[in-house]
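**Q** target-v6.txt is reproduced in full below (compact mmCIF, C-alpha atoms).
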# COMPACT_ATOMS: atom_id res chain seq x y z
CA MET M 1 -46.15 -25.68 -6.13
CA THR M 2 -43.52 -25.74 -3.41
CA PRO M 3 -41.69 -28.99 -2.59
CA ALA M 4 -43.71 -29.29 0.62
CA PHE M 5 -46.96 -29.14 -1.32
CA ALA M 6 -45.65 -31.67 -3.84
CA GLN M 7 -44.51 -34.04 -1.08
CA ALA M 8 -47.90 -33.92 0.65
CA PHE M 9 -49.71 -34.43 -2.64
CA SER M 10 -47.60 -37.43 -3.68
CA HIS M 11 -48.84 -39.29 -0.61
CA ILE M 12 -52.53 -38.61 -1.18
CA GLU M 13 -52.65 -38.79 -5.01
CA PRO M 14 -53.33 -42.58 -5.16
CA THR M 15 -56.32 -42.14 -2.86
CA LEU M 16 -57.66 -39.25 -4.92
CA ARG M 17 -57.40 -41.29 -8.11
CA GLN M 18 -59.23 -44.17 -6.44
CA TRP M 19 -62.05 -41.81 -5.52
CA MET M 20 -62.14 -40.52 -9.09
CA ALA M 21 -62.50 -44.14 -10.25
CA GLY M 22 -65.55 -44.52 -8.00
CA ALA M 23 -64.07 -46.00 -4.83
CA PRO M 24 -66.11 -45.27 -1.69
CA ILE M 25 -65.02 -42.31 0.43
CA THR M 26 -64.37 -44.10 3.71
CA ASP M 27 -63.56 -42.62 7.12
CA ALA M 28 -60.26 -44.49 7.09
CA ALA M 29 -59.21 -42.97 3.77
CA LEU M 30 -60.23 -39.50 4.92
CA GLN M 31 -58.28 -39.93 8.13
CA GLU M 32 -55.16 -40.92 6.17
CA VAL M 33 -55.49 -37.92 3.83
CA ALA M 34 -55.96 -35.61 6.82
CA ALA M 35 -52.87 -37.06 8.49
CA GLN M 36 -50.73 -36.51 5.39
CA LEU M 37 -51.92 -32.93 4.95
CA SER M 38 -51.52 -32.10 8.64
CA THR M 39 -47.82 -32.96 8.51
CA GLN M 40 -47.37 -30.06 6.08
CA GLN M 41 -49.29 -27.40 8.02
CA GLY M 42 -46.11 -25.44 8.57
CA ALA M 43 -45.79 -25.07 4.79
CA LYS M 44 -49.27 -23.46 4.60
CA ILE M 45 -51.15 -25.97 2.50
CA PRO M 46 -53.42 -23.97 0.16
CA SER M 47 -56.66 -25.35 1.58
CA GLU M 48 -55.90 -23.62 4.86
CA ALA M 49 -55.56 -20.29 3.09
CA VAL M 50 -59.06 -20.55 1.63
CA GLY M 51 -60.64 -21.33 4.97
CA LEU M 52 -60.87 -25.13 5.01
CA ASN M 53 -59.33 -27.32 7.69
CA PHE M 54 -58.42 -30.99 7.66
CA SER M 55 -61.50 -32.28 9.47
CA ARG M 56 -63.11 -35.34 7.96
CA ALA M 57 -66.30 -33.36 7.31
CA THR M 58 -64.57 -30.75 5.12
CA LEU M 59 -62.36 -33.32 3.39
CA ARG M 60 -65.39 -35.50 2.67
CA GLN M 61 -67.11 -32.51 1.06
CA ARG M 62 -64.05 -31.90 -1.11
CA ALA M 63 -63.75 -35.59 -2.03
CA GLN M 64 -67.43 -35.75 -2.99
CA LEU M 65 -67.05 -32.72 -5.25
CA LEU M 66 -63.96 -34.33 -6.81
CA GLN M 67 -65.97 -37.46 -7.61
CA ALA M 68 -68.89 -35.48 -9.01
CA SER M 69 -66.93 -33.05 -11.15
CA HIS M 70 -63.62 -34.57 -12.30
CA ARG M 71 -64.93 -35.71 -15.69
CA ALA M 72 -66.38 -32.28 -16.44
CA ILE M 73 -63.12 -30.64 -15.31
CA GLU M 74 -61.10 -32.96 -17.56
CA ALA M 75 -63.36 -32.10 -20.50
CA CYS M 76 -62.94 -28.38 -19.75
CA CYS M 77 -59.15 -28.72 -19.60
CA ARG M 78 -59.13 -30.47 -22.99
CA SER M 79 -61.66 -28.41 -24.93
CA GLU M 80 -61.38 -24.95 -23.37
CA LEU M 81 -57.76 -24.85 -22.25
CA GLY M 82 -56.11 -27.26 -24.69
CA TRP M 83 -54.47 -29.26 -21.88
CA THR M 84 -53.86 -32.97 -22.37
CA GLN M 85 -53.81 -33.64 -18.64
CA THR M 86 -55.70 -32.14 -15.70
CA PRO M 87 -53.40 -30.81 -12.94
CA LEU M 88 -54.81 -32.87 -10.10
CA ASP M 89 -52.72 -31.07 -7.47
CA LEU M 90 -54.20 -27.71 -8.49
CA LEU M 91 -57.67 -29.23 -8.57
CA TRP M 92 -57.36 -30.68 -5.06
CA HIS M 93 -55.38 -27.92 -3.31
CA LEU M 94 -56.90 -24.79 -4.89
CA TRP M 95 -59.82 -25.18 -7.29
CA LEU M 96 -62.00 -27.49 -5.17
CA PRO M 97 -61.64 -25.66 -1.82
CA LEU M 98 -62.12 -22.27 -3.46
CA ALA M 99 -65.30 -23.45 -5.21
CA LEU M 100 -66.60 -24.82 -1.90
CA GLN M 101 -65.84 -21.52 -0.20
CA LEU M 102 -67.80 -19.58 -2.83
CA HIS M 103 -70.63 -22.10 -2.54
CA ALA M 104 -70.82 -21.57 1.23
CA ARG M 105 -70.60 -17.80 0.92
CA GLN M 106 -73.43 -17.64 -1.60
CA GLN M 107 -75.64 -19.78 0.61
CA SER M 108 -74.97 -17.54 3.60
CA LEU M 109 -75.72 -14.39 1.58
CA GLY M 110 -79.09 -15.65 0.43
CA ARG M 111 -78.73 -13.70 -2.82
CA PRO M 112 -76.53 -13.83 -5.93
CA LEU M 113 -72.81 -13.60 -5.17
CA VAL M 114 -70.52 -11.40 -7.30
CA GLN M 115 -66.96 -12.71 -6.99
CA GLY M 116 -64.11 -10.69 -8.46
CA LEU M 117 -60.92 -12.22 -9.85
CA LEU M 118 -57.94 -9.95 -10.51
CA GLY M 119 -54.88 -11.03 -12.45
CA GLY M 120 -52.44 -9.62 -14.98
CA GLN M 121 -51.70 -11.11 -18.36
CA GLY M 122 -50.75 -14.78 -18.25
CA THR M 123 -51.62 -15.33 -14.57
CA GLY M 124 -54.44 -17.77 -15.36
CA LYS M 125 -57.49 -15.74 -14.30
CA THR M 126 -59.53 -16.90 -17.30
CA THR M 127 -58.53 -20.52 -16.60
CA LEU M 128 -59.54 -20.18 -12.95
CA THR M 129 -62.86 -18.60 -13.95
CA GLN M 130 -63.65 -21.44 -16.38
CA VAL M 131 -62.78 -24.16 -13.88
CA LEU M 132 -64.70 -22.51 -11.04
CA ALA M 133 -67.76 -22.24 -13.27
CA VAL M 134 -67.67 -26.02 -13.89
CA LEU M 135 -67.24 -26.82 -10.20
CA LEU M 136 -69.96 -24.42 -9.06
CA GLN M 137 -72.37 -25.84 -11.63
CA ALA M 138 -71.63 -29.29 -10.18
CA LEU M 139 -72.67 -27.84 -6.81
CA GLY M 140 -76.01 -26.80 -8.29
CA HIS M 141 -75.34 -23.14 -9.04
CA ARG M 142 -76.29 -21.12 -12.09
CA VAL M 143 -73.06 -19.31 -12.97
CA CYS M 144 -72.38 -16.30 -15.19
CA ARG M 145 -68.84 -15.44 -16.30
CA LEU M 146 -68.15 -11.79 -17.06
CA SER M 147 -64.84 -10.19 -18.05
CA ILE M 148 -63.87 -6.54 -17.83
CA ASP M 149 -63.08 -7.02 -21.55
CA ASP M 150 -66.79 -7.60 -22.23
CA LEU M 151 -67.41 -4.01 -21.11
CA TYR M 152 -65.22 -2.31 -23.71
CA LYS M 153 -66.78 0.63 -25.51
CA THR M 154 -67.73 -0.01 -29.12
CA TYR M 155 -65.18 0.27 -31.90
CA ALA M 156 -66.75 3.53 -33.09
CA GLU M 157 -66.70 5.02 -29.58
CA ARG M 158 -63.05 4.11 -29.08
CA GLN M 159 -62.12 5.59 -32.45
CA GLN M 160 -63.67 8.86 -31.33
CA MET M 161 -61.80 8.65 -28.02
CA GLN M 162 -58.48 8.24 -29.81
CA GLN M 163 -59.10 11.43 -31.75
CA VAL M 164 -59.51 13.28 -28.46
CA ASP M 165 -56.72 11.42 -26.62
CA PRO M 166 -54.24 9.64 -28.96
CA ARG M 167 -52.62 7.98 -25.94
CA LEU M 168 -55.57 5.55 -25.84
CA ARG M 169 -54.28 3.78 -28.94
CA TRP M 170 -55.06 0.31 -27.52
CA ARG M 171 -58.07 -0.88 -25.60
CA GLY M 172 -57.47 -1.83 -21.99
CA PRO M 173 -56.74 1.14 -19.70
CA PRO M 174 -59.36 2.86 -17.55
CA GLY M 175 -61.55 4.99 -19.79
CA THR M 176 -61.95 2.42 -22.57
CA HIS M 177 -64.88 0.65 -20.88
CA ASP M 178 -68.58 1.38 -20.61
CA VAL M 179 -68.80 1.57 -16.82
CA ALA M 180 -72.50 2.43 -16.81
CA LEU M 181 -73.25 -0.71 -18.83
CA GLY M 182 -71.21 -2.87 -16.47
CA LEU M 183 -72.91 -1.40 -13.42
CA ALA M 184 -76.37 -2.00 -14.89
CA VAL M 185 -75.47 -5.63 -15.69
CA LEU M 186 -73.99 -6.39 -12.25
CA GLN M 187 -76.87 -4.75 -10.42
CA ALA M 188 -79.40 -6.70 -12.48
CA LEU M 189 -77.59 -9.97 -11.80
CA GLN M 190 -77.14 -9.19 -8.12
CA ALA M 191 -80.86 -8.43 -7.77
CA GLY M 192 -81.57 -12.08 -8.55
CA SER M 193 -84.46 -11.40 -10.90
CA SER M 194 -85.87 -14.29 -12.91
CA ASP M 195 -86.08 -11.93 -15.90
CA GLU M 196 -83.46 -12.34 -18.61
CA VAL M 197 -80.35 -10.22 -18.34
CA GLU M 198 -78.27 -9.33 -21.42
CA ILE M 199 -74.57 -10.03 -20.83
CA PRO M 200 -72.37 -7.99 -23.20
CA ARG M 201 -69.77 -9.93 -25.17
CA PHE M 202 -66.72 -8.61 -27.03
CA ASP M 203 -65.07 -9.98 -30.18
CA LYS M 204 -61.36 -9.14 -30.01
CA SER M 205 -60.80 -10.22 -33.63
CA ALA M 206 -63.19 -7.67 -35.14
CA HIS M 207 -61.83 -4.72 -37.17
CA GLY M 208 -58.43 -6.32 -37.67
CA GLY M 209 -57.90 -7.00 -33.98
CA ALA M 210 -59.20 -3.69 -32.67
CA GLY M 211 -62.30 -5.52 -31.46
CA ASP M 212 -65.97 -4.65 -31.14
CA ARG M 213 -69.15 -5.67 -29.39
CA THR M 214 -70.80 -8.84 -30.58
CA THR M 215 -74.10 -10.61 -29.88
CA PRO M 216 -74.89 -10.47 -26.15
CA GLU M 217 -75.66 -13.57 -24.13
CA ARG M 218 -79.02 -13.84 -22.35
CA VAL M 219 -79.10 -15.42 -18.88
CA HIS M 220 -81.56 -15.68 -16.03
CA ASP M 221 -81.74 -16.93 -12.43
CA ILE M 222 -77.97 -16.54 -11.94
CA ASP M 223 -76.78 -17.03 -8.37
CA ILE M 224 -73.00 -16.68 -8.77
CA VAL M 225 -71.22 -14.15 -11.00
CA LEU M 226 -67.49 -14.57 -11.69
CA PHE M 227 -66.20 -11.13 -12.75
CA GLU M 228 -62.58 -11.23 -13.90
CA GLY M 229 -60.19 -8.68 -15.28
CA TRP M 230 -56.65 -7.37 -15.28
CA PHE M 231 -57.55 -4.50 -12.93
CA THR M 232 -60.84 -5.66 -11.44
CA GLY M 233 -61.02 -4.24 -7.90
CA MET M 234 -58.00 -1.90 -8.21
CA ARG M 235 -58.46 1.45 -6.50
CA PRO M 236 -56.84 4.86 -7.07
CA ILE M 237 -53.60 5.60 -5.24
CA ASP M 238 -51.82 8.75 -4.08
CA PRO M 239 -50.70 10.65 -7.24
CA ALA M 240 -47.37 11.34 -5.53
CA CYS M 241 -46.52 7.64 -6.05
CA PHE M 242 -45.85 8.39 -9.72
CA ASP M 243 -43.02 10.81 -8.92
CA GLN M 244 -40.66 7.84 -8.38
CA ALA M 245 -42.42 5.14 -10.41
CA PRO M 246 -40.77 1.89 -11.58
CA PRO M 247 -40.11 1.12 -15.28
CA PRO M 248 -41.56 1.40 -17.83
CA ILE M 249 -42.94 4.67 -16.37
CA GLU M 250 -39.86 6.74 -17.17
CA THR M 251 -40.69 10.01 -18.95
CA GLU M 252 -42.82 12.92 -17.81
CA GLY M 253 -45.30 11.91 -20.48
CA ASP M 254 -45.46 8.42 -18.96
CA ARG M 255 -46.10 9.89 -15.52
CA THR M 256 -48.86 12.14 -16.85
CA PHE M 257 -50.53 9.16 -18.55
CA ALA M 258 -50.27 7.12 -15.32
CA ARG M 259 -51.81 9.95 -13.27
CA ASP M 260 -54.65 10.32 -15.78
CA CYS M 261 -55.38 6.57 -15.68
CA ASN M 262 -55.30 6.71 -11.89
CA GLN M 263 -57.89 9.50 -11.99
CA ARG M 264 -60.11 7.61 -14.46
CA LEU M 265 -60.00 4.60 -12.15
CA ARG M 266 -62.37 6.49 -9.82
CA GLU M 267 -65.12 6.00 -12.39
CA TYR M 268 -64.89 2.22 -11.78
CA LEU M 269 -65.44 2.34 -8.00
CA PRO M 270 -69.22 1.80 -8.31
CA LEU M 271 -68.42 -1.44 -10.19
CA TRP M 272 -66.05 -2.61 -7.46
CA ASP M 273 -68.68 -1.78 -4.83
CA CYS M 274 -70.78 -4.59 -6.36
CA LEU M 275 -68.10 -7.16 -5.54
CA ASP M 276 -68.73 -9.49 -2.62
CA GLY M 277 -65.11 -10.66 -2.66
CA LEU M 278 -61.87 -10.55 -4.64
CA VAL M 279 -59.25 -13.20 -5.45
CA VAL M 280 -55.90 -11.81 -6.63
CA LEU M 281 -53.50 -13.81 -8.82
CA ARG M 282 -50.10 -12.20 -8.35
CA PRO M 283 -46.78 -13.21 -9.97
CA GLU M 284 -43.83 -13.29 -7.58
CA ASP M 285 -42.26 -10.82 -10.03
CA TYR M 286 -44.62 -8.68 -12.12
CA ARG M 287 -42.27 -9.00 -15.12
CA LEU M 288 -43.21 -12.68 -15.39
CA SER M 289 -46.46 -11.56 -17.02
CA LYS M 290 -44.52 -10.41 -20.08
CA THR M 291 -42.68 -13.75 -20.26
CA TRP M 292 -45.94 -15.71 -20.01
CA ARG M 293 -47.69 -13.50 -22.54
CA THR M 294 -44.79 -13.95 -24.96
CA GLU M 295 -44.93 -17.73 -24.56
CA ALA M 296 -48.65 -17.69 -25.30
CA GLU M 297 -48.09 -15.55 -28.39
CA HIS M 298 -45.41 -17.90 -29.69
CA ALA M 299 -47.70 -20.88 -29.17
CA MET M 300 -50.49 -19.12 -31.02
CA LYS M 301 -48.25 -18.31 -33.99
CA HIS M 302 -46.88 -21.85 -33.97
CA SER M 303 -50.45 -23.10 -34.43
CA GLY M 304 -50.76 -21.02 -37.61
CA ARG M 305 -52.64 -18.01 -36.28
CA ALA M 306 -51.46 -14.43 -36.65
CA GLY M 307 -49.76 -12.76 -33.70
CA MET M 308 -47.56 -9.88 -32.60
CA SER M 309 -43.80 -9.80 -32.88
CA ASP M 310 -41.81 -9.88 -29.64
CA ALA M 311 -41.12 -6.14 -29.94
CA GLU M 312 -44.81 -5.33 -30.53
CA LEU M 313 -45.82 -7.53 -27.63
CA SER M 314 -43.30 -5.88 -25.32
CA GLN M 315 -44.73 -2.46 -26.17
CA PHE M 316 -48.26 -3.78 -25.65
CA VAL M 317 -47.55 -5.12 -22.14
CA ASP M 318 -45.57 -1.98 -21.23
CA TYR M 319 -48.64 0.03 -22.21
CA PHE M 320 -50.72 -1.75 -19.55
CA TRP M 321 -47.99 -1.31 -16.93
CA LYS M 322 -47.74 2.39 -17.74
CA ALA M 323 -51.49 2.69 -17.21
CA LEU M 324 -51.79 0.79 -13.89
CA HIS M 325 -48.43 -0.48 -12.69
CA PRO M 326 -48.83 -3.62 -10.53
CA GLU M 327 -45.96 -2.60 -8.24
CA LEU M 328 -47.84 0.60 -7.39
CA PHE M 329 -51.46 -0.52 -7.31
CA LEU M 330 -51.32 -4.05 -5.83
CA PRO M 331 -49.51 -3.46 -2.49
CA PRO M 332 -52.13 -1.08 -1.02
CA LEU M 333 -54.94 -3.32 -2.30
CA LEU M 334 -53.41 -6.40 -0.66
CA ARG M 335 -53.23 -4.64 2.69
CA ASP M 336 -57.02 -4.21 2.72
CA PRO M 337 -58.69 -7.15 4.55
CA GLN M 338 -62.10 -5.82 3.52
CA GLY M 339 -61.30 -5.85 -0.18
CA VAL M 340 -59.35 -9.08 -0.82
CA ASP M 341 -60.30 -12.64 0.22
CA LEU M 342 -57.37 -14.59 -1.15
CA VAL M 343 -53.98 -13.89 -2.74
CA VAL M 344 -52.49 -16.58 -5.00
CA GLU M 345 -48.82 -15.89 -5.59
CA MET M 346 -47.50 -17.48 -8.79
CA GLY M 347 -43.98 -18.78 -9.33
CA GLY M 348 -42.07 -18.73 -12.59
CA ASP M 349 -43.62 -22.08 -13.52
CA ARG M 350 -47.11 -20.51 -13.30
CA ARG M 351 -47.91 -22.67 -10.31
CA PRO M 352 -49.08 -21.30 -6.96
CA SER M 353 -46.11 -20.81 -4.65
CA ARG M 354 -48.01 -19.29 -1.74
CA LEU M 355 -51.62 -18.61 -0.81
CA TRP M 356 -52.63 -16.19 1.90
CA SER M 357 -55.43 -13.89 2.99
CA PRO M 358 -55.14 -10.27 4.20
CA ALA M 359 -58.03 -10.96 6.60
CA PRO M 360 -57.08 -11.64 10.24
Translate the structure of the given file into structure tokens.

**A**
Amino acid sequence: MTPAFAQAFSHIEPTLRQWMAGAPITDAALQEVAAQLSTQQGAKIPSEAVGLNFSRATLRQRAQLLQASHRAIEACCRSELGWTQTPLDLLWHLWLPLALQLHARQQSLGRPLVQGLLGGQGTGKTTLTQVLAVLLQALGHRVCRLSIDDLYKTYAERQQMQQVDPRLRWRGPPGTHDVALGLAVLQALQAGSSDEVEIPRFDKSAHGGAGDRTTPERVHDIDIVLFEGWFTGMRPIDPACFDQAPPPIETEGDRTFARDCNQRLREYLPLWDCLDGLVVLRPEDYRLSKTWRTEAEHAMKHSGRAGMSDAELSQFVDYFWKALHPELFLPPLLRDPQGVDLVVEMGGDRRPSRLWSPAP
């Protein structure tokens, strides 16, 4: 986070750790935390961006959730994310207020909430989804996590597609998903039925890494759905934008592929219409995604698992950018106050550098 965020957090961290150890949440402590945060208002403390102010009532709610959930969050960071230490600044400034915002929104809706999360490779969308699920469960919600990856067509179906269109050599771009299945699942979850709903799951390791459907998960009485993906919520743009597209869209073949993916994106609009909100994780420079993805691949190979070479990985990420380039598709989306709730801009250290909302 920015130096201003870090400075504000350094003053309140001892109090937060006392609360985590079970200390009472007193008015005096809340007043001191509010005073420290208020001094940094000009730096746009993240809690302001997600709709929370520094009143004692809102800070008490956040402190109570911190006390109730920090052990579960620490366990999630260790077991699911492989982290040895929980980033308390992220927990306090982003994860807790965002979970509280979703909690309030679901209560006001009076029906299941479908929250979208959009982020490219390495931006942390899966991490955010996992953490939010833990926090929302601590608030009493029944949460279902769904990824756009879970909606991939079967291995056999994608093999047939490749014979028709060899450009779809990897899963990922628009056209490689079963949109009708996703729509049926989201509508069933949004209806709030007590009947069981089958959530599709996808095994990326099947067929030598090509991936295939695996045993679905059965859920019921879900009241919050976290639907994440690398292009969740993206909408088609003017085809003329591809005439002067940024790299790696360079050849006429690249531009034709980009236009075709843009056209196929229209098939996903019924899915996006199910979303009640959208959080966007955006690198300050879209090319950071390739750096982060390469770091993750190196770490995976260092642990003894198989992985792609740097050249293969570069081609893989370029393939996604050729399909839906973030520099073309994100700007118009982020200008839509009806479509996006919160934008989390990520610095080179993968930490939020700025949070803002397109809404007035």

**Q** Skipping near chain neighbours, those fewer than 2 positions away, what residues fall within 8 Å of stretch 276-281 of chain M using only C-alpha atoms, listed as number ranges by chain?

**A** M: 113-120, 123-125, 233, 274, 283, 339-346

**Q** Just the residues within 12 Å of M:Leu128, please, counting all atoms listed in the file, with nothing from its chain fewer than 5 positions along; format it as a ChimeraX atom specification.

**A** /M:73,76-77,80-81,90-91,94-96,98-99,116-119,122-123,133-136,145,226-229,279-281,344

**Q** So that I can check the surroundings of M:Trp19, please list as number ranges by chain every protein, DNA and RNA residue that reaches within 12 Å of it, counting only C-alpha atoms and ignoring chain neighbours fewer than 6 positions away.

**A** M: 12-13, 25-26, 29-30, 60, 62-70

**Q** Compile the contact shell of stretch 171-187 of chain M as an MDAnalysis selection string: residues with an atom at most 10 Å away, counting all atoms listed in the file, same-chain residues fewer than 5 positions apart removed.

**A** chainID M and resid 114 146:155 157:158 161:162 192 197:200 204 210:211 225 227 229:231 258 260:275 319:324

**Q** At most 10 Å from (-45.2, -12.5, -18.4), file frame, all atoms listed in the file: which residues, as a ChimeraX atom specification?

**A** /M:120-123,283,285-296,314,317,348,350

**Q** Could you write out that same residue set with C-alpha atoms as a PDB file, in the coordinates of the input?

**A**
ATOM      1  CA  GLY M 120     -52.440  -9.620 -14.980  1.00  0.00           C
ATOM      2  CA  GLN M 121     -51.700 -11.110 -18.360  1.00  0.00           C
ATOM      3  CA  GLY M 122     -50.750 -14.780 -18.250  1.00  0.00           C
ATOM      4  CA  THR M 123     -51.620 -15.330 -14.570  1.00  0.00           C
ATOM      5  CA  PRO M 283     -46.780 -13.210  -9.970  1.00  0.00           C
ATOM      6  CA  ASP M 285     -42.260 -10.820 -10.030  1.00  0.00           C
ATOM      7  CA  TYR M 286     -44.620  -8.680 -12.120  1.00  0.00           C
ATOM      8  CA  ARG M 287     -42.270  -9.000 -15.120  1.00  0.00           C
ATOM      9  CA  LEU M 288     -43.210 -12.680 -15.390  1.00  0.00           C
ATOM     10  CA  SER M 289     -46.460 -11.560 -17.020  1.00  0.00           C
ATOM     11  CA  LYS M 290     -44.520 -10.410 -20.080  1.00  0.00           C
ATOM     12  CA  THR M 291     -42.680 -13.750 -20.260  1.00  0.00           C
ATOM     13  CA  TRP M 292     -45.940 -15.710 -20.010  1.00  0.00           C
ATOM     14  CA  ARG M 293     -47.690 -13.500 -22.540  1.00  0.00           C
ATOM     15  CA  THR M 294     -44.790 -13.950 -24.960  1.00  0.00           C
ATOM     16  CA  GLU M 295     -44.930 -17.730 -24.560  1.00  0.00           C
ATOM     17  CA  ALA M 296     -48.650 -17.690 -25.300  1.00  0.00           C
ATOM     18  CA  SER M 314     -43.300  -5.880 -25.320  1.00  0.00           C
ATOM     19  CA  VAL M 317     -47.550  -5.120 -22.140  1.00  0.00           C
ATOM     20  CA  GLY M 348     -42.070 -18.730 -12.590  1.00  0.00           C
ATOM     21  CA  ARG M 350     -47.110 -20.510 -13.300  1.00  0.00           C
TER      22      ARG M 350
END

**Q** Using Å and a single decimal, report how far atom CA of M:Asp89 sits from atom CA of M:Arg17.

**A** 11.3 Å

**Q** When you draw a straight line from atom CA of M:Asp212 to atom CA of M:Gln159, how long is it in Å?

**A**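 One can read the atom CA of M:Asp212 to atom CA of M:Gln159 distance as 11.0 Å.
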
**Q** May I ask for the distance between atom CA of M:His11 and atom CA of M:Leu100, given in Å to one decimal place?

**A**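 Separation of atom CA of M:His11 and atom CA of M:Leu100: 22.9 Å.
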
**Q** Select, from M:Asp221, M:Asp165, M:Glu297, M:Asp27, the residue with the minimum atom-to-atom distance to M:Cys144, counting all atoms listed in the file.

**A**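 Using all atoms listed in the file, M:Cys144 sits closest to M:Asp221.
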
**Q** Tell me which of M:Glu312, M:Asp318, M:Glu284, M:Asp195 sits closest to M:Glu250, counting all atoms listed in the file.

**A**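 Among the listed residues, the smallest separation from M:Glu250 belongs to M:Asp318.
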